[in-house]
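Engineer: Here you go, this is query07.txt (compact mmCIF, C-alpha atoms and all ligand atoms).
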# COMPACT_ATOMS: atom_id res chain seq x y z
CA MET A 12 -13.73 -295.92 68.94
CA SER A 13 -14.61 -292.26 69.22
CA GLU A 14 -14.57 -290.03 66.21
CA GLN A 15 -11.76 -288.13 67.78
CA GLY A 16 -9.78 -291.30 67.88
CA LEU A 17 -10.01 -291.55 64.15
CA ALA A 18 -8.11 -288.32 63.81
CA ILE A 19 -5.06 -289.50 65.71
CA ARG A 20 -2.35 -290.10 63.22
CA ASP A 21 0.27 -292.72 63.22
CA GLY A 22 3.29 -291.12 64.81
CA ASN A 23 5.55 -292.97 62.45
CA LEU A 24 3.82 -291.69 59.37
CA PHE A 25 5.93 -289.31 57.35
CA ILE A 26 4.35 -287.54 54.46
CA ALA A 27 6.97 -286.70 51.91
CA PRO A 28 6.45 -283.63 49.77
CA VAL A 29 5.70 -284.47 46.15
CA VAL A 30 7.91 -281.61 44.97
CA ASN A 31 11.40 -281.09 46.29
CA VAL A 32 12.45 -277.70 47.58
CA GLN A 33 14.56 -276.95 44.54
CA GLY A 34 11.67 -277.74 42.23
CA ALA A 35 9.30 -275.61 44.25
CA LEU A 36 11.71 -272.67 44.20
CA GLN A 37 12.17 -273.03 40.49
CA ARG A 38 8.44 -273.10 39.97
CA TYR A 39 8.00 -270.03 42.14
CA GLN A 40 10.66 -268.18 40.16
CA ASP A 41 9.16 -269.26 36.82
CA MET A 42 5.79 -267.99 37.91
CA LYS A 43 7.24 -264.71 39.14
CA ASP A 44 9.11 -264.21 35.87
CA PHE A 45 5.99 -265.00 33.92
CA ILE A 46 3.86 -262.56 35.86
CA GLU A 47 6.41 -259.77 35.79
CA GLY A 48 7.60 -260.35 32.26
CA ILE A 49 4.52 -261.38 30.33
CA LEU A 50 1.39 -260.28 32.14
CA ARG A 51 0.33 -256.69 31.65
CA LYS A 52 -1.31 -254.55 34.27
CA ASP A 53 -4.86 -253.45 33.39
CA VAL A 54 -4.99 -256.03 30.62
CA ASP A 55 -4.11 -259.33 32.24
CA TYR A 56 -4.67 -258.27 35.82
CA GLY A 57 -6.01 -255.24 37.60
CA VAL A 58 -4.82 -253.52 40.73
CA ILE A 59 -7.18 -251.53 42.87
CA PRO A 60 -5.45 -249.01 45.09
CA GLY A 61 -5.74 -249.94 48.74
CA THR A 62 -6.42 -253.60 48.09
CA GLY A 63 -3.97 -256.40 48.57
CA LYS A 64 -3.62 -258.81 45.71
CA PRO A 65 -4.26 -257.87 42.12
CA THR A 66 -7.29 -259.35 40.41
CA LEU A 67 -6.70 -261.84 37.63
CA LEU A 68 -8.51 -260.92 34.42
CA LYS A 69 -9.54 -263.24 31.61
CA PRO A 70 -6.62 -262.45 29.25
CA GLY A 71 -4.19 -263.16 32.11
CA ALA A 72 -5.95 -266.42 32.90
CA GLU A 73 -5.68 -267.40 29.24
CA LYS A 74 -1.95 -266.72 29.24
CA LEU A 75 -1.50 -268.81 32.37
CA THR A 76 -3.47 -271.57 30.66
CA THR A 77 -1.08 -271.47 27.72
CA PHE A 78 1.99 -271.18 29.88
CA PHE A 79 1.12 -274.30 31.85
CA GLY A 80 -0.04 -276.23 28.79
CA LEU A 81 -3.56 -276.57 30.14
CA SER A 82 -6.91 -277.04 28.49
CA ALA A 83 -10.25 -275.77 29.70
CA GLU A 84 -13.63 -277.29 29.14
CA PHE A 85 -17.04 -276.19 30.31
CA GLN A 86 -20.07 -277.99 31.55
CA ILE A 87 -23.36 -276.39 32.47
CA ILE A 88 -24.48 -277.52 35.90
CA GLU A 89 -27.76 -275.70 36.17
CA LYS A 90 -29.72 -273.08 34.37
CA ASP A 91 -32.92 -271.23 35.06
CA GLU A 92 -34.62 -269.44 32.21
CA ASP A 93 -37.86 -267.70 33.05
CA TRP A 94 -38.47 -265.75 29.86
CA THR A 95 -41.89 -264.44 30.82
CA GLY A 96 -41.21 -263.90 34.50
CA LYS A 97 -44.06 -266.20 35.54
CA ASP A 98 -42.09 -267.40 38.56
CA HIS A 99 -40.54 -264.04 39.37
CA ASP A 100 -43.40 -261.60 39.81
CA GLY A 101 -43.56 -260.92 36.11
CA GLU A 102 -39.88 -260.05 35.84
CA PRO A 103 -37.90 -262.26 33.44
CA PHE A 104 -35.11 -264.10 35.22
CA PHE A 105 -32.05 -265.98 33.97
CA ASN A 106 -29.45 -267.86 35.92
CA TYR A 107 -26.49 -269.89 34.64
CA TRP A 108 -24.12 -272.04 36.60
CA TYR A 109 -21.08 -273.54 34.93
CA LYS A 110 -18.24 -275.78 35.87
CA CYS A 111 -14.85 -275.31 34.26
CA ARG A 112 -12.53 -278.28 34.22
CA ILE A 113 -8.85 -277.67 33.66
CA THR A 114 -6.90 -280.58 32.27
CA ARG A 115 -3.35 -281.24 31.28
CA ASN A 116 -2.61 -284.11 28.96
CA GLY A 117 -6.09 -285.41 29.62
CA LYS A 118 -5.70 -285.45 33.40
CA ILE A 119 -7.92 -283.26 35.54
CA VAL A 120 -5.90 -280.59 37.33
CA ALA A 121 -8.61 -278.42 38.83
CA GLU A 122 -12.25 -277.49 38.66
CA GLY A 123 -13.90 -274.19 39.27
CA GLU A 124 -17.49 -273.09 39.31
CA GLY A 125 -19.10 -269.83 38.44
CA SER A 126 -22.59 -268.52 38.10
CA CYS A 127 -24.27 -265.38 36.93
CA ASN A 128 -27.88 -264.28 37.08
CA SER A 129 -29.96 -261.41 35.83
CA PHE A 130 -30.85 -260.22 39.33
CA GLU A 131 -27.29 -259.08 39.89
CA LYS A 132 -27.42 -255.35 40.28
CA LYS A 133 -25.53 -254.47 37.16
CA TYR A 134 -27.78 -256.62 34.95
CA ARG A 135 -31.11 -256.02 36.66
CA TYR A 136 -30.91 -252.27 36.53
CA ARG A 137 -29.61 -249.68 34.22
CA SER A 138 -29.17 -246.02 34.85
CA ALA A 139 -31.77 -244.10 32.95
CA ASN A 140 -30.53 -241.04 31.16
CA ILE A 141 -32.85 -238.14 30.60
CA LYS A 142 -33.89 -237.79 27.01
CA CYS A 143 -33.85 -234.28 25.59
CA PRO A 144 -37.40 -233.25 24.63
CA SER A 145 -35.95 -231.18 21.78
CA CYS A 146 -33.44 -233.46 20.05
CA GLY A 147 -34.14 -236.85 21.62
CA ALA A 148 -30.53 -237.47 22.65
CA GLU A 149 -29.86 -238.87 26.14
CA THR A 150 -27.56 -235.99 26.95
CA VAL A 151 -29.45 -233.91 29.49
CA ILE A 152 -27.64 -232.91 32.65
CA GLU A 153 -28.69 -230.94 35.65
CA GLY A 154 -27.53 -227.33 35.57
CA LYS A 155 -25.37 -226.15 38.43
CA ALA A 156 -27.20 -224.19 41.10
CA GLU A 157 -24.79 -221.26 40.84
CA PHE A 158 -25.75 -220.93 37.17
CA GLY A 159 -29.45 -220.91 37.92
CA GLY A 160 -30.09 -224.67 38.03
CA GLY A 161 -32.45 -226.09 35.46
CA TRP A 162 -31.49 -228.64 32.83
CA LEU A 163 -29.13 -228.53 29.89
CA CYS A 164 -28.83 -230.71 26.82
CA TRP A 165 -25.07 -230.91 26.89
CA LYS A 166 -23.38 -230.16 23.57
CA LYS A 167 -20.13 -231.77 24.67
CA LYS A 168 -21.93 -235.09 24.94
CA GLY A 169 -23.53 -234.66 21.55
CA GLY A 170 -26.64 -232.79 22.66
CA CYS A 171 -28.33 -229.78 21.06
CA GLY A 172 -27.68 -227.20 23.78
CA ALA A 173 -31.33 -226.70 24.69
CA LYS A 174 -32.04 -225.43 28.21
CA PHE A 175 -35.00 -226.29 30.43
CA LYS A 176 -36.22 -224.69 33.61
CA THR A 177 -36.28 -226.44 36.96
CA GLY A 178 -39.72 -228.03 37.30
CA ASP A 179 -40.14 -228.66 33.57
CA LYS A 180 -42.38 -231.74 33.47
CA SER A 181 -41.08 -232.96 30.11
CA ILE A 182 -37.77 -233.48 31.89
CA GLU A 183 -38.61 -234.19 35.47
CA ASP A 184 -41.34 -236.74 34.81
CA GLN A 185 -38.85 -239.00 33.10
CA PRO A 186 -37.51 -241.94 35.09
CA ARG A 187 -34.13 -241.17 36.53
CA GLY A 188 -31.35 -243.09 38.21
CA GLN A 189 -31.59 -246.86 38.56
CA VAL A 190 -34.45 -248.37 36.58
CA LYS A 191 -35.16 -252.01 35.84
CA ASN A 192 -33.53 -253.13 32.64
CA PRO A 193 -36.40 -253.62 30.20
CA ASP A 194 -34.30 -255.80 27.88
CA VAL A 195 -33.04 -258.51 30.24
CA ALA A 196 -33.62 -261.21 27.61
CA ASP A 197 -31.02 -259.50 25.40
CA ILE A 198 -28.23 -260.19 27.88
CA VAL A 199 -28.66 -263.96 28.14
CA ASN A 200 -25.50 -264.48 26.16
CA THR A 201 -23.62 -262.04 28.38
CA LEU A 202 -24.79 -263.87 31.51
CA GLN A 203 -23.61 -267.21 30.13
CA LYS A 204 -20.22 -265.82 29.20
CA MET A 205 -19.87 -264.19 32.58
CA ALA A 206 -20.69 -267.41 34.43
CA GLN A 207 -18.14 -269.25 32.28
CA LYS A 208 -15.55 -266.58 32.87
CA ARG A 209 -15.99 -266.76 36.62
CA ALA A 210 -15.70 -270.55 36.55
CA TYR A 211 -12.67 -270.32 34.29
CA ILE A 212 -10.76 -267.81 36.40
CA ALA A 213 -11.55 -269.73 39.59
CA ALA A 214 -10.29 -272.93 37.98
CA VAL A 215 -7.13 -271.32 36.58
CA LEU A 216 -6.27 -269.80 39.96
CA LEU A 217 -6.58 -273.25 41.50
CA ALA A 218 -4.84 -275.14 38.73
CA THR A 219 -1.82 -272.85 38.62
CA ASN A 220 -1.64 -272.12 42.34
CA ALA A 221 -1.86 -268.49 41.35
CA SER A 222 -4.07 -267.42 44.24
CA GLU A 223 -0.82 -266.62 45.97
CA TYR A 224 -0.50 -263.73 43.54
CA PHE A 225 -4.06 -263.01 42.45
CA THR A 226 -7.55 -262.86 43.76
CA GLN A 227 -10.90 -263.18 42.11
CA ASP A 228 -12.74 -261.37 44.85
CA ILE A 229 -13.66 -258.16 43.19
CA GLU A 230 -16.19 -259.24 40.63
CA ASP A 231 -17.01 -255.85 39.23
CA TYR A 232 -13.39 -255.23 38.56
CA ILE A 233 -13.05 -258.46 36.66
CA ASP A 234 -16.01 -257.49 34.55
CA ALA A 235 -14.71 -254.05 33.73
CA ASP A 236 -13.59 -253.37 30.21
CA PHE A 237 -9.96 -252.57 30.00
CA VAL A 238 -8.12 -250.65 27.37
CA ALA A 239 -4.43 -251.26 26.98
CA VAL A 240 -2.64 -248.11 28.06
CA ASP A 241 0.67 -249.16 26.68
CA PRO A 242 0.50 -249.49 22.89
CA GLU A 243 3.64 -251.62 22.91
CA PRO A 244 2.98 -255.22 23.89
CA ALA A 245 5.07 -256.17 26.89
CA LYS A 246 8.03 -258.30 25.94
CA PRO A 247 9.26 -261.12 28.06
CA LYS A 248 12.12 -259.94 30.22
CA ALA A 249 15.34 -259.90 28.29
CA GLN A 250 16.87 -263.32 28.65
CA PRO A 251 20.61 -263.23 28.61
CA GLN A 252 21.59 -265.32 25.63
CA PRO A 253 25.02 -266.89 25.62
CA PRO A 254 27.12 -265.58 22.76
CA ALA A 255 26.32 -267.62 19.71
CA PRO A 256 28.94 -270.17 18.84
CA SER A 257 29.19 -270.05 15.10
CA ASN A 258 27.69 -272.56 12.72
CA ASN A 259 25.93 -274.95 15.00
CA GLY A 260 22.47 -273.84 14.15
CA GLN A 261 22.52 -270.95 16.55
CA ASP A 262 21.72 -268.52 13.75
CA LEU A 263 18.50 -270.39 13.14
CA VAL A 264 17.78 -270.41 16.84
CA ASP A 265 18.30 -266.67 16.97
CA VAL A 266 15.86 -266.22 14.16
CA ALA A 267 13.35 -268.33 15.98
CA ILE A 268 13.82 -266.33 19.16
CA ALA A 269 13.73 -263.05 17.27
CA GLU A 270 10.44 -264.13 15.74
CA GLY A 271 9.07 -264.50 19.24
CA GLY A 272 5.60 -263.15 19.52
CA GLU A 273 2.74 -263.42 21.87
CA VAL A 274 -0.84 -264.46 21.62
CA VAL A 275 -3.09 -261.65 20.59
CA GLU A 276 -6.19 -261.35 22.71
CA ASP A 277 -9.44 -262.26 21.17
CA GLU A 278 -12.41 -260.40 22.56
CA ALA A 279 -14.68 -263.36 21.95
CA VAL A 280 -14.92 -265.92 24.70
CA GLU A 281 -12.61 -268.44 23.27
CA TYR A 282 -10.54 -270.36 25.72
CA TYR A 283 -7.17 -271.09 24.45
CA ASN A 284 -6.67 -274.77 24.18
CA ARG A 285 -3.24 -275.87 23.21
CA SER A 286 -4.09 -279.33 22.00
CA THR A 287 -6.89 -278.05 19.81
CA MET A 288 -5.73 -274.54 19.05
CA SER A 289 -8.15 -272.88 16.71
CA LEU A 290 -6.91 -271.59 13.39
CA GLU A 291 -8.04 -268.14 14.42
CA THR A 292 -5.90 -268.23 17.54
CA ALA A 293 -2.93 -269.64 15.65
CA GLU A 294 -3.13 -266.98 12.99
CA GLY A 295 -3.39 -264.30 15.65
CA VAL A 296 0.03 -265.10 17.12
CA THR A 297 2.34 -262.30 16.10
CA SER A 298 6.03 -262.16 15.39
CA SER A 299 8.25 -259.49 16.92
CA ASP A 300 7.57 -257.03 14.12
CA GLY A 301 3.85 -257.37 14.67
CA THR A 302 3.18 -259.56 11.65
CA ARG A 303 0.45 -262.07 12.28
CA TYR A 304 1.53 -265.65 11.76
CA GLY A 305 -1.53 -265.99 9.57
CA ASP A 306 -0.06 -263.42 7.18
CA LEU A 307 3.30 -265.14 6.82
CA PRO A 308 4.03 -267.23 3.73
CA THR A 309 4.14 -270.98 4.10
CA ASP A 310 7.88 -271.31 3.44
CA LYS A 311 8.71 -268.74 6.09
CA LEU A 312 6.51 -270.54 8.63
CA ALA A 313 8.10 -273.87 7.79
CA TYR A 314 11.53 -272.34 8.23
CA MET A 315 10.54 -270.90 11.59
CA ALA A 316 9.08 -274.22 12.75
CA ASN A 317 12.34 -275.91 11.86
CA ALA A 318 14.35 -273.34 13.80
CA ILE A 319 12.06 -273.52 16.81
CA GLN A 320 12.29 -277.30 16.87
CA LYS A 321 16.07 -277.12 16.83
CA ALA A 322 16.03 -274.57 19.61
CA MET A 323 13.79 -276.77 21.72
CA LYS A 324 16.19 -279.69 21.47
CA LYS A 325 18.88 -277.69 23.18
CA ASN A 326 19.44 -278.33 26.85
CA GLY A 327 19.03 -275.76 29.56
CA MET A 328 16.00 -274.03 28.16
CA SER A 329 13.75 -272.68 30.88
CA HIS A 330 10.33 -274.19 31.26
CA GLU A 331 8.80 -270.86 30.36
CA LYS A 332 10.81 -270.55 27.17
CA HIS A 333 10.03 -274.12 26.28
CA GLU A 334 6.31 -273.55 26.67
CA GLU A 335 6.51 -270.39 24.61
CA HIS A 336 8.30 -272.24 21.83
CA GLN A 337 5.80 -275.06 22.03
CA MET A 338 2.92 -272.62 21.67
CA LYS A 339 4.51 -271.04 18.58
CA LEU A 340 5.22 -274.41 17.10
CA ASP A 341 1.63 -275.51 17.66
CA ALA A 342 0.39 -272.31 16.05
CA ILE A 343 2.54 -272.89 12.99
CA ARG A 344 1.43 -276.50 12.72
CA VAL A 345 -2.23 -275.53 12.87
CA ILE A 346 -1.73 -272.92 10.15
CA LEU A 347 0.30 -275.21 7.92
CA ALA A 348 -2.25 -277.99 8.34
CA SER A 349 -5.00 -275.62 7.27
CA ARG A 350 -3.07 -274.65 4.17
CA ASP A 351 -2.33 -278.21 3.20
CA GLY A 352 -4.31 -279.20 0.17
ZN ZN B 401 -31.17 -231.75 22.95
How does the structure come out when it is put into structure tokens?

Structural biologist:
Amino acid sequence: MSEQGLAIRDGNLFIAPVVNVQGALQRYQDMKDFIEGILRKDVDYGVIPGTGKPTLLKPGAEKLTTFFGLSAEFQIIEKDEDWTGKDHDGEPFFNYWYKCRITRNGKIVAEGEGSCNSFEKKYRYRSANIKCPSCGAETVIEGKAEFGGGWLCWKKKGGCGAKFKTGDKSIEDQPRGQVKNPDVADIVNTLQKMAQKRAYIAAVLLATNASEYFTQDIEDYIDADFVAVDPEPAKPKAQPQPPAPSNNGQDLVDVAIAEGGEVVEDEAVEYYNRSTMSLETAEGVTSSDGTRYGDLPTDKLAYMANAIQKAMKKNGMSHEKHEEHQMKLDAIRVILASRDG
């Protein structure tokens, strides 16, 4: 039999989809609502003008992980640490390669890999600033030709205002532009985190089927530091709540919903893991008035947990809402457990 023959399929074979159309539509809508209602531009994802899909950032990947009830674990596949540079022409070299495994209830959902090494342009080089011979600050700029050229220690950048003539050796003999980073060994931790982050985002995109909405292509953009422009955390889109029938616990449910908060980002590389949520993460969840769960008294937390549990027993709750409630409940449990005894 030829190899080609192997590829001929049985004409009677019918492969049924594992998800029905209604389920797929619902999932698509849930995802769309989540992205539009919860994820914040420039914090959770970035958009570069002129490019197609936005780029998923680590905080956004963490929210997707929470939303889908996933856990992430890391495994180092390979590393290369040449501290003295003996194998790299005297230049220290570091390379890290990680695998991120995404699981849900112990079952593997997806795996992603990511690596990072010190020969990447942004780690291998740094731009050398000219040091002012007078004050020592790295604030020297080139004077504009129309103002006579030369060099100026710029006061606006914290310099002393000293001026230097074009051709001044104390300025012009200094290395300028891209120079090799002399402290590569100091960024080992950064390289490891970056490799993990790349693996993590790749795995989350796969696990959540989010590559339809996001890309990971633009590495430098992912690595950029973002500052939230909007001081108000984005709220989930207003969910029309049916008018509360009196006295069936709805008041408690309303309290629980009103207490709705969102996970506060932690700058440290700490992947949110629902089944083993850290106390730090749990305490960082905030209620609608910005109070950290960690700052709430035990009786208030217990009351909220009770209300959330009641709310979750109601039918017709969206998957998204259910997950959100589950996250809050987990956070409260972790905090209460830590306070016990
Ligand atoms: Zn100066």

Engineer: Quick one: everything within 9 Å of stretch 112-127 of chain A, counting all atoms listed in the file, minus sequence neighbours fewer than 2 positions away in the same chain. Send it as a ChimeraX atom specification.

Structural biologist: /A:76,79-86,88,105-110,129-131,202-219,286

Engineer: Return as AutoDock Vina command-line options the box centre and box size in Å, one decimal, for an axis-aligned box around all listed atoms of stretch 47-50 of chain A padded by 3 Å per side.

Structural biologist:
--center_x 4.5 --center_y -260.6 --center_z 33.1 --size_x 12.2 --size_y 7.6 --size_z 11.5

Engineer: Could you check how far atom CA of A:Thr292 sits from atom CA of A:Asp310, in Å to one decimal?

Structural biologist: 20.0 Å

Engineer: Please, what distance in Å, to one decimal, runs between atom CA of A:Leu312 and atom CA of A:Leu347?

Structural biologist: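 Result for atom CA of A:Leu312 versus atom CA of A:Leu347: 7.8 Å, one decimal.
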
Engineer: Could you state the separation of atom CA of A:Lys74 and atom CA of A:Ala318 in Å, given to one decimal place?

Structural biologist: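 Distance between the two atoms: 23.4 Å.
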
Engineer: Would you be able to write out as a list in words which residues have an atom within 10 Å of (3.3, -263.3, 40.0) in the file's coordinates, counting only C-alpha atoms?

Structural biologist: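 The residues near that point, listed by chain and number, are Tyr39, Gln40, Asp41, Met42, Lys43, Asp44, Phe45, Ile46, Glu47, Gly48, Ile49, Leu50, Pro65, Ala221, Ser222, Glu223, Tyr224 and Phe225 of chain A.
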
Engineer: Generate a file of the selected residues that holds C-alpha atoms, formatted as a PDB file, in the coordinates of the input.

Structural biologist:
ATOM      1  CA  TYR A  39       8.000-270.030  42.140  1.00  0.00           C
ATOM      2  CA  GLN A  40      10.660-268.180  40.160  1.00  0.00           C
ATOM      3  CA  ASP A  41       9.160-269.260  36.820  1.00  0.00           C
ATOM      4  CA  MET A  42       5.790-267.990  37.910  1.00  0.00           C
ATOM      5  CA  LYS A  43       7.240-264.710  39.140  1.00  0.00           C
ATOM      6  CA  ASP A  44       9.110-264.210  35.870  1.00  0.00           C
ATOM      7  CA  PHE A  45       5.990-265.000  33.920  1.00  0.00           C
ATOM      8  CA  ILE A  46       3.860-262.560  35.860  1.00  0.00           C
ATOM      9  CA  GLU A  47       6.410-259.770  35.790  1.00  0.00           C
ATOM     10  CA  GLY A  48       7.600-260.350  32.260  1.00  0.00           C
ATOM     11  CA  ILE A  49       4.520-261.380  30.330  1.00  0.00           C
ATOM     12  CA  LEU A  50       1.390-260.280  32.140  1.00  0.00           C
ATOM     13  CA  PRO A  65      -4.260-257.870  42.120  1.00  0.00           C
ATOM     14  CA  ALA A 221      -1.860-268.490  41.350  1.00  0.00           C
ATOM     15  CA  SER A 222      -4.070-267.420  44.240  1.00  0.00           C
ATOM     16  CA  GLU A 223      -0.820-266.620  45.970  1.00  0.00           C
ATOM     17  CA  TYR A 224      -0.500-263.730  43.540  1.00  0.00           C
ATOM     18  CA  PHE A 225      -4.060-263.010  42.450  1.00  0.00           C
TER      19      PHE A 225
END

Engineer: Could I get the residue neighbourhood of ligand ZN 401 (chain B) at 7 Å, counting only C-alpha atoms and all ligand atoms, as a PyMOL selection string?

Structural biologist: chain A and resi 143-148+150+164+170-173

Engineer: Filtering to C-alpha atoms, could you give me those residues as a short mmCIF file (atom, residue, chain, number, x, y, z; two decimals), in the frame of the given file?

Structural biologist:
data_model
loop_
_atom_site.label_atom_id
_atom_site.label_comp_id
_atom_site.auth_asym_id
_atom_site.auth_seq_id
_atom_site.Cartn_x
_atom_site.Cartn_y
_atom_site.Cartn_z
CA CYS A 143 -33.85 -234.28 25.59
CA PRO A 144 -37.40 -233.25 24.63
CA SER A 145 -35.95 -231.18 21.78
CA CYS A 146 -33.44 -233.46 20.05
CA GLY A 147 -34.14 -236.85 21.62
CA ALA A 148 -30.53 -237.47 22.65
CA THR A 150 -27.56 -235.99 26.95
CA CYS A 164 -28.83 -230.71 26.82
CA GLY A 170 -26.64 -232.79 22.66
CA CYS A 171 -28.33 -229.78 21.06
CA GLY A 172 -27.68 -227.20 23.78
CA ALA A 173 -31.33 -226.70 24.69
#
